[in-house]
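Q: Got a file for you: data_2.txt, compact mmCIF, C-alpha atoms and all ligand atoms.
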# COMPACT_ATOMS: atom_id res chain seq x y z
CA MET J 83 -28.40 -12.74 -2.40
CA GLY J 84 -27.20 -10.91 0.72
CA GLY J 85 -27.63 -7.37 1.89
CA ASP J 86 -25.58 -4.32 1.00
CA LEU J 87 -22.98 -4.44 3.75
CA VAL J 88 -19.43 -5.59 3.10
CA VAL J 89 -17.21 -7.10 5.78
CA ALA J 90 -13.82 -5.66 4.81
CA VAL J 91 -10.63 -7.12 6.25
CA ASP J 92 -7.15 -5.63 6.05
CA LEU J 93 -4.72 -8.32 7.13
CA GLY J 94 -1.38 -6.70 7.91
CA GLY J 95 1.85 -8.25 9.17
CA THR J 96 1.51 -6.56 12.57
CA ARG J 97 -2.22 -5.72 12.85
CA TYR J 98 -5.46 -6.84 11.30
CA ARG J 99 -8.48 -4.57 10.85
CA VAL J 100 -12.05 -5.64 10.22
CA ALA J 101 -14.87 -3.22 9.32
CA LEU J 102 -18.51 -3.36 8.34
CA ILE J 103 -18.93 -0.89 5.47
CA ALA J 104 -22.09 0.07 3.56
CA ALA J 105 -22.23 0.47 -0.24
CA ASP J 106 -22.16 4.27 0.11
CA GLY J 107 -18.87 4.02 2.04
CA GLU J 108 -20.38 4.54 5.50
CA LEU J 109 -18.27 2.65 8.04
CA ARG J 110 -20.77 1.08 10.48
CA ALA J 111 -18.47 -0.77 12.88
CA ARG J 112 -14.85 -1.78 13.19
CA VAL J 113 -12.48 -3.86 15.24
CA SER J 114 -8.74 -4.47 15.09
CA GLY J 115 -6.06 -6.41 16.90
CA PRO J 116 -2.48 -7.62 16.71
CA THR J 117 -1.84 -10.29 14.06
CA PRO J 118 -0.50 -13.45 15.74
CA ALA J 119 1.91 -13.80 12.81
CA ASP J 120 4.43 -16.01 14.64
CA ARG J 121 1.75 -18.68 15.20
CA GLY J 122 1.32 -19.40 11.48
CA PRO J 123 -1.42 -19.09 8.86
CA SER J 124 -4.23 -21.09 10.45
CA ALA J 125 -3.92 -19.29 13.80
CA VAL J 126 -4.00 -15.93 12.02
CA LEU J 127 -6.99 -16.86 9.86
CA THR J 128 -8.88 -18.33 12.84
CA GLN J 129 -8.40 -15.12 14.82
CA VAL J 130 -9.50 -12.94 11.90
CA HIS J 131 -12.53 -15.17 11.31
CA ASP J 132 -13.51 -14.86 14.99
CA ALA J 133 -13.29 -11.06 14.68
CA VAL J 134 -15.43 -11.15 11.53
CA ALA J 135 -18.05 -13.36 13.18
CA ALA J 136 -18.20 -11.10 16.24
CA LEU J 137 -18.56 -7.98 14.09
CA VAL J 138 -21.42 -9.46 12.03
CA ARG J 139 -23.31 -10.82 15.06
CA ASP J 140 -25.52 -7.71 15.47
CA ALA J 141 -26.25 -7.00 11.80
CA GLY J 142 -26.71 -10.69 10.91
CA TRP J 143 -25.28 -12.50 7.86
CA GLU J 144 -28.41 -11.73 5.79
CA ALA J 145 -27.31 -8.07 5.73
CA VAL J 146 -23.88 -8.97 4.32
CA ALA J 147 -23.09 -9.13 0.58
CA ALA J 148 -19.50 -10.37 0.90
CA VAL J 149 -16.40 -10.81 3.03
CA SER J 150 -13.55 -9.10 1.20
CA LEU J 151 -9.95 -9.41 2.36
CA ALA J 152 -6.86 -7.35 1.59
CA VAL J 153 -3.71 -9.39 2.18
CA PRO J 154 -0.02 -8.40 2.07
CA GLY J 155 1.90 -10.03 -0.77
CA PRO J 156 1.11 -11.58 -4.12
CA VAL J 157 -2.31 -13.25 -4.31
CA ASP J 158 -4.28 -14.90 -7.08
CA PRO J 159 -7.49 -12.81 -7.04
CA TRP J 160 -9.44 -15.52 -8.93
CA THR J 161 -8.68 -18.41 -6.57
CA GLY J 162 -8.06 -16.38 -3.41
CA VAL J 163 -4.78 -18.21 -2.77
CA VAL J 164 -1.99 -16.11 -1.24
CA ARG J 165 1.17 -17.08 -3.08
CA GLN J 166 3.50 -15.83 -0.35
CA ALA J 167 3.49 -13.05 2.22
CA PRO J 168 6.95 -11.73 3.14
CA ASN J 169 5.62 -10.14 6.36
CA LEU J 170 3.78 -13.27 7.50
CA PRO J 171 6.11 -16.16 8.41
CA GLY J 172 5.13 -19.52 6.91
CA TRP J 173 2.67 -18.08 4.41
CA PHE J 174 3.15 -19.92 1.16
CA GLU J 175 0.22 -20.93 -1.11
CA VAL J 176 -2.36 -20.27 1.62
CA ASP J 177 -5.97 -20.76 0.49
CA VAL J 178 -7.51 -17.76 2.27
CA ARG J 179 -10.72 -17.86 0.26
CA GLY J 180 -11.18 -21.58 0.92
CA PHE J 181 -10.70 -21.05 4.65
CA PHE J 182 -13.40 -18.38 4.83
CA ALA J 183 -15.75 -19.99 2.29
CA GLN J 184 -16.05 -23.00 4.63
CA ARG J 185 -16.97 -20.75 7.55
CA VAL J 186 -19.11 -17.84 6.33
CA PRO J 187 -22.46 -18.04 4.48
CA THR J 188 -21.59 -15.43 1.85
CA ARG J 189 -19.25 -14.65 -1.04
CA VAL J 190 -15.51 -14.33 -0.21
CA LEU J 191 -13.01 -12.22 -2.16
CA VAL J 192 -9.25 -11.84 -1.66
CA GLY J 193 -6.92 -9.22 -3.15
CA ASN J 194 -3.47 -7.69 -2.73
CA ASP J 195 -3.50 -4.88 -0.16
CA ALA J 196 -1.72 -2.21 -2.24
CA ASN J 197 -3.85 -3.02 -5.29
CA LEU J 198 -7.00 -2.74 -3.20
CA ALA J 199 -5.76 0.49 -1.58
CA ALA J 200 -5.54 1.94 -5.11
CA LEU J 201 -9.17 0.99 -5.69
CA GLY J 202 -10.13 2.43 -2.28
CA GLU J 203 -8.53 5.80 -3.03
CA GLN J 204 -10.12 5.90 -6.50
CA ARG J 205 -13.62 5.04 -5.27
CA PHE J 206 -13.79 6.60 -1.80
CA GLY J 207 -10.66 8.74 -1.30
CA ALA J 208 -8.41 11.26 -3.04
CA GLY J 209 -9.29 10.00 -6.53
CA ARG J 210 -13.09 10.17 -6.45
CA ALA J 211 -14.37 11.16 -9.91
CA THR J 212 -11.16 10.00 -11.61
CA ARG J 213 -11.03 7.00 -13.95
CA ASP J 214 -7.29 6.66 -14.50
CA LEU J 215 -5.17 6.68 -11.38
CA ILE J 216 -1.80 5.45 -10.14
CA TYR J 217 -1.44 4.69 -6.44
CA LEU J 218 1.86 4.27 -4.60
CA THR J 219 2.25 3.36 -0.96
CA VAL J 220 5.67 4.34 0.30
CA SER J 221 6.54 2.92 3.70
CA THR J 222 8.93 0.07 4.64
CA GLY J 223 8.67 -0.99 1.00
CA ILE J 224 6.87 0.48 -2.00
CA GLY J 225 3.63 -1.06 -3.24
CA GLY J 226 1.26 0.11 -5.88
CA GLY J 227 -1.88 -0.24 -7.89
CA VAL J 228 -3.03 0.95 -11.29
CA ILE J 229 -6.63 1.91 -12.13
CA VAL J 230 -7.33 2.01 -15.87
CA ASP J 231 -10.73 3.26 -17.05
CA GLY J 232 -12.17 2.77 -13.56
CA ARG J 233 -10.93 -0.80 -13.18
CA LEU J 234 -8.03 -2.28 -11.27
CA LEU J 235 -5.31 -3.56 -13.59
CA LEU J 236 -4.71 -7.22 -12.63
CA GLY J 237 -2.46 -8.78 -15.27
CA THR J 238 -2.32 -12.43 -16.34
CA HIS J 239 -1.71 -13.81 -12.84
CA GLY J 240 -3.36 -10.96 -10.92
CA LEU J 241 0.04 -9.62 -9.91
CA ALA J 242 0.14 -6.30 -11.81
CA GLY J 243 1.06 -3.01 -10.19
CA GLU J 244 4.33 -3.88 -8.41
CA LEU J 245 5.48 -0.32 -9.01
CA GLY J 246 8.18 -0.51 -6.32
CA HIS J 247 10.05 -3.14 -8.33
CA VAL J 248 10.84 -1.08 -11.38
CA ALA J 249 14.64 -0.97 -11.59
CA LEU J 250 15.95 2.58 -12.04
CA ASP J 251 19.61 2.37 -11.08
CA PRO J 252 21.63 -0.51 -12.55
CA SER J 253 24.46 0.22 -10.10
CA GLY J 254 22.07 0.57 -7.16
CA PRO J 255 21.63 -1.71 -4.15
CA PRO J 256 20.32 -5.27 -4.59
CA CYS J 257 16.61 -5.74 -3.93
CA SER J 258 14.79 -8.54 -2.09
CA CYS J 259 12.96 -9.30 -5.36
CA GLY J 260 16.20 -10.42 -7.05
CA ASN J 261 16.64 -7.31 -9.17
CA VAL J 262 19.07 -4.42 -8.57
CA GLY J 263 18.36 -0.72 -8.00
CA CYS J 264 14.59 -1.02 -7.71
CA LEU J 265 12.56 2.10 -6.86
CA GLU J 266 11.83 0.45 -3.49
CA ARG J 267 15.58 0.28 -2.70
CA LEU J 268 15.99 3.97 -3.57
CA ALA J 269 12.91 5.74 -2.20
CA SER J 270 11.25 3.68 0.56
CA GLY J 271 11.41 4.48 4.26
CA THR J 272 13.90 1.64 4.63
CA ALA J 273 16.08 3.18 1.91
CA ILE J 274 16.02 6.61 3.62
CA ALA J 275 16.96 5.16 7.02
CA HIS J 276 19.66 3.01 5.42
CA ARG J 277 21.22 5.99 3.63
CA ALA J 278 21.15 8.02 6.85
CA ALA J 279 22.91 5.22 8.76
CA MET J 280 25.50 4.85 6.01
CA GLU J 281 26.33 8.55 5.99
CA LEU J 282 26.38 8.79 9.79
CA ARG J 283 28.82 5.88 9.94
CA ALA J 284 30.97 7.40 7.20
CA GLY J 285 31.09 10.69 9.10
CA VAL J 286 29.41 12.57 6.24
CA ALA J 287 26.63 13.78 8.50
CA PRO J 288 27.07 16.83 10.74
CA ALA J 289 28.67 16.02 14.11
CA ARG J 290 25.61 17.15 16.07
CA LEU J 291 23.50 14.50 14.29
CA ALA J 292 26.14 11.82 14.74
CA ALA J 293 25.92 12.51 18.49
CA LEU J 294 22.12 12.27 18.30
CA ALA J 295 22.37 9.00 16.46
CA SER J 296 24.93 7.22 18.60
CA ASP J 297 23.75 3.97 17.01
CA PRO J 298 23.38 4.72 13.28
CA ASP J 299 21.54 1.45 12.64
CA ALA J 300 18.82 2.53 15.07
CA VAL J 301 18.01 5.64 13.02
CA ARG J 302 14.42 5.47 11.81
CA THR J 303 12.84 7.18 8.81
CA GLU J 304 10.77 9.18 11.32
CA ASP J 305 14.01 10.58 12.82
CA VAL J 306 15.22 11.70 9.40
CA ALA J 307 11.80 13.25 8.70
CA ALA J 308 11.88 15.11 12.03
CA TRP J 309 15.40 16.45 11.35
CA ALA J 310 14.26 17.53 7.88
CA ALA J 311 11.18 19.27 9.32
CA ALA J 312 13.52 21.14 11.71
CA GLY J 313 15.44 22.40 8.67
CA GLU J 314 18.50 20.16 9.00
CA PRO J 315 20.13 20.29 5.50
CA PHE J 316 21.60 16.76 5.73
CA ALA J 317 18.18 15.24 6.39
CA ARG J 318 16.46 17.45 3.82
CA ARG J 319 18.92 16.22 1.21
CA LEU J 320 18.21 12.57 2.05
CA ILE J 321 14.46 13.16 1.72
CA ALA J 322 14.93 15.15 -1.50
CA ASP J 323 17.12 12.37 -2.96
CA ALA J 324 14.46 9.75 -2.22
CA ALA J 325 11.73 12.03 -3.57
CA THR J 326 13.79 12.59 -6.73
CA TRP J 327 13.92 8.83 -7.35
CA LEU J 328 10.19 8.69 -6.65
CA GLY J 329 9.63 11.47 -9.19
CA ILE J 330 11.71 9.61 -11.77
CA GLY J 331 9.61 6.50 -11.16
CA VAL J 332 6.36 8.46 -11.33
CA THR J 333 7.47 10.05 -14.62
CA GLY J 334 7.80 6.56 -16.08
CA PHE J 335 4.38 5.51 -14.77
CA VAL J 336 2.82 8.68 -16.17
CA HIS J 337 4.29 7.92 -19.59
CA ILE J 338 3.01 4.32 -19.51
CA PHE J 339 -0.49 4.86 -18.11
CA ASN J 340 -1.31 8.54 -18.76
CA PRO J 341 -3.27 8.91 -15.49
CA GLU J 342 -5.29 11.93 -14.31
CA MET J 343 -3.98 11.50 -10.81
CA VAL J 344 -1.06 10.00 -8.92
CA VAL J 345 -1.92 9.28 -5.27
CA ILE J 346 0.94 8.72 -2.84
CA GLY J 347 0.22 7.17 0.57
CA GLY J 348 2.09 5.21 3.22
CA GLY J 349 4.12 6.44 6.19
CA VAL J 350 6.76 8.25 4.11
CA SER J 351 4.05 10.35 2.38
CA ARG J 352 3.39 12.00 5.78
CA ILE J 353 6.67 13.90 5.30
CA GLY J 354 4.43 16.21 3.25
CA ASP J 355 5.48 19.21 1.16
CA LEU J 356 9.23 18.52 0.97
CA LEU J 357 8.46 15.13 -0.57
CA PHE J 358 5.52 16.14 -2.78
CA ASP J 359 7.10 19.40 -4.03
CA THR J 360 10.18 17.47 -5.12
CA VAL J 361 8.18 14.71 -6.84
CA ARG J 362 6.06 17.33 -8.67
CA ALA J 363 9.16 19.30 -9.73
CA VAL J 364 10.89 16.18 -11.08
CA VAL J 365 7.79 15.14 -13.04
CA ALA J 366 7.40 18.71 -14.35
CA ALA J 367 11.02 18.67 -15.54
CA ARG J 368 11.00 15.16 -17.03
CA ALA J 369 7.53 14.18 -18.28
CA MET J 370 6.44 15.07 -21.78
CA PRO J 371 4.21 18.18 -21.69
CA ALA J 372 1.02 16.54 -23.01
CA PHE J 373 1.17 13.98 -20.17
CA ARG J 374 1.32 16.76 -17.57
CA GLU J 375 -1.89 18.52 -18.67
CA GLY J 376 -4.25 18.42 -15.69
CA LEU J 377 -2.11 15.80 -13.94
CA ARG J 378 -2.43 15.94 -10.15
CA ILE J 379 0.06 14.36 -7.74
CA VAL J 380 -1.63 14.27 -4.34
CA PRO J 381 -1.41 12.67 -0.88
CA ALA J 382 -3.67 9.72 -0.14
CA ALA J 383 -6.87 10.59 1.74
CA LEU J 384 -7.82 7.35 3.47
CA GLY J 385 -4.65 6.68 5.48
CA ASP J 386 -4.55 3.22 7.04
CA ASP J 387 -8.15 2.56 5.93
CA ALA J 388 -7.42 2.53 2.17
CA GLY J 389 -7.24 -1.28 2.10
CA LEU J 390 -10.58 -1.62 3.91
CA TYR J 391 -12.33 0.72 1.46
CA GLY J 392 -10.65 -0.95 -1.51
CA ALA J 393 -11.79 -4.37 -0.32
CA THR J 394 -15.30 -2.90 -0.09
CA ALA J 395 -15.10 -1.47 -3.63
CA ALA J 396 -13.88 -4.80 -5.00
CA ALA J 397 -16.82 -6.61 -3.36
CA LEU J 398 -19.33 -4.06 -4.71
CA ASP J 399 -17.88 -4.37 -8.24
CA HIS J 400 -18.09 -8.14 -7.97
CA THR J 401 -21.69 -8.02 -6.73
CA ALA J 402 -22.57 -5.71 -9.63
CA GLY J 403 -21.03 -8.31 -11.99
ZN ZN K 501 12.81 -5.13 -6.38
Is it possible to express this structure as structure tokens?
A:
Amino acid sequence: MGGDLVVAVDLGGTRYRVALIAADGELRARVSGPTPADRGPSAVLTQVHDAVAALVRDAGWEAVAAVSLAVPGPVDPWTGVVRQAPNLPGWFEVDVRGFFAQRVPTRVLVGNDANLAALGEQRFGAGRATRDLIYLTVSTGIGGGVIVDGRLLLGTHGLAGELGHVALDPSGPPCSCGNVGCLERLASGTAIAHRAAMELRAGVAPARLAALASDPDAVRTEDVAAWAAAGEPFARRLIADAATWLGIGVTGFVHIFNPEMVVIGGGVSRIGDLLFDTVRAVVAARAMPAFREGLRIVPAALGDDAGLYGATAAALDHTAG
């Protein structure tokens, strides 16, 4: 039996983060670095393991209850095998738990990053004191997690909570998942930037923006957000359209899970009021009244650290049996 510290790892496609976190949520130490994704799974895992070992050196392994990793993409939380990771080239059926179990003298857990971020927000972030919570991370894609009665919903294969891949528009754009018109294709940062580029190319956008965006394909979601913040109607409409789709999706989730709180994180959530006001208005107009009683739709509180805190919560739950 180890101590009460958790080594939490958030393995992202571009950066990895490692933190030493106590059971009360106090972050004791942290380190991060660029993920050497192009060098393949074993190079990535070796580098992350070296960072973990360096971080634990002072505290000692006897103070550590578990190493808990949040990974991007579908993962089997019981075996710790990553099925595939779209943002990590060459990752297919990678035994992350096996790799670490051979190298660290403590328990090893592995979970999906968006699922764990949901748990992080519920335990240590915006959703403290809630038991039923929906979490959405809206950035390049849309990921999610569902907390039911204080526990993360896993599903038969541990894959539950892919809230971005609910199809809403049968005549919408094709999605990387094989479906058509998924929420992710309609409301993610990628979708916003894509719509902006399409309208700039088609000459729908105001001439002054077309001049700004001489290369429509280089327009980023951040540019659209900045134009919207400056009051540009074209950009505000694009954000409102995406937020409307998000609200339609959230209405469905609210009807399925009847949560107390919907937490929205990820880069696109930083757009703020324009996005959240629209989502709340759509849910208010479309959800059945009883489902809206006391329902809060709020920004995430933990930012980029949600995965680290969620990995910690998962390890603490596991330790508690
Ligand atoms: Zn999809």
Q: Using only C-alpha atoms, which protein or nucleic acid residues come within 9 Å of Val192 in chain J? Drop anything in the same chain fewer than 6 positions from it, and give the result as a list in words.
A: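 With the cut-off at 9 Å, the set is Val149, Ser150, Leu151, Ala152, Val153, Val157, Asp158, Pro159, Trp160, Thr161, Gly162, Val163, Val164, Val178, Arg179 and Ala393 of chain J.
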Q: Hey, which residues sit close to ligand ZN 501 (chain K)? Say within 9 Å, counting all atoms listed in the file, and write them as a VMD selection string.
A: chain J and resid 244 246 to 249 256 to 267
Q: One number please: CA of Phe182 in chain J to CA of Ala402 in chain J, in Å, one decimal.
A: 21.3 Å
Q: Record the distance separating CA of Ala145 in chain J and CA of Pro187 in chain J, expressed in Å with one decimal.
A: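 It comes out at 11.2 Å.
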Q: Out of J:Ala396, J:Val344, J:Ala307, J:Leu390, which residue has the shortest atom-to-atom distance to Gly376 in chain J when counting only C-alpha atoms?
A: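 Ranking J:Ala396, J:Val344, J:Ala307, J:Leu390 by distance to Gly376 in chain J, first place goes to J:Val344.
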Q: Give me, as JSON lines, each residue of range 171-240 of chain J that comes within 12 Å of range 327-333 of chain J, together with its shortest interatomic pair and the distance in Å at one decimal, counting all atoms listed in the file, with rows ordered by chain and rising residue number.
A:
{"residue": "J:Leu215", "atom": "CA", "partner": "J:Val332", "partner_atom": "CA", "distance": 11.7}
{"residue": "J:Ile216", "atom": "CA", "partner": "J:Val332", "partner_atom": "CA", "distance": 8.8}
{"residue": "J:Tyr217", "atom": "CA", "partner": "J:Val332", "partner_atom": "CA", "distance": 9.9}
{"residue": "J:Leu218", "atom": "CA", "partner": "J:Val332", "partner_atom": "CA", "distance": 9.1}
{"residue": "J:Thr219", "atom": "CA", "partner": "J:Leu328", "partner_atom": "CA", "distance": 11.1}
{"residue": "J:Val220", "atom": "CA", "partner": "J:Leu328", "partner_atom": "CA", "distance": 9.4}
{"residue": "J:Ile224", "atom": "CA", "partner": "J:Leu328", "partner_atom": "CA", "distance": 10.0}
{"residue": "J:Gly226", "atom": "CA", "partner": "J:Val332", "partner_atom": "CA", "distance": 11.2}
Q: By how many Å are CA of Thr238 in chain J and CA of Pro156 in chain J apart?
A: 12.7 Å
Q: Write out as JSON, numbers by chain each polymer residue whose atoms come within 6 Å of Asp214 in chain J, counting all atoms listed in the file; drop sequence neighbours fewer than 2 positions from it.
A: {"J": [212, 229, 230, 231, 341, 342]}
Q: Name the closest residue to Met370 in chain J among the candidates J:Val345, J:Ile338, J:Ala199, J:Val176; distances are taken between atoms, counting only C-alpha atoms.
A: J:Ile338
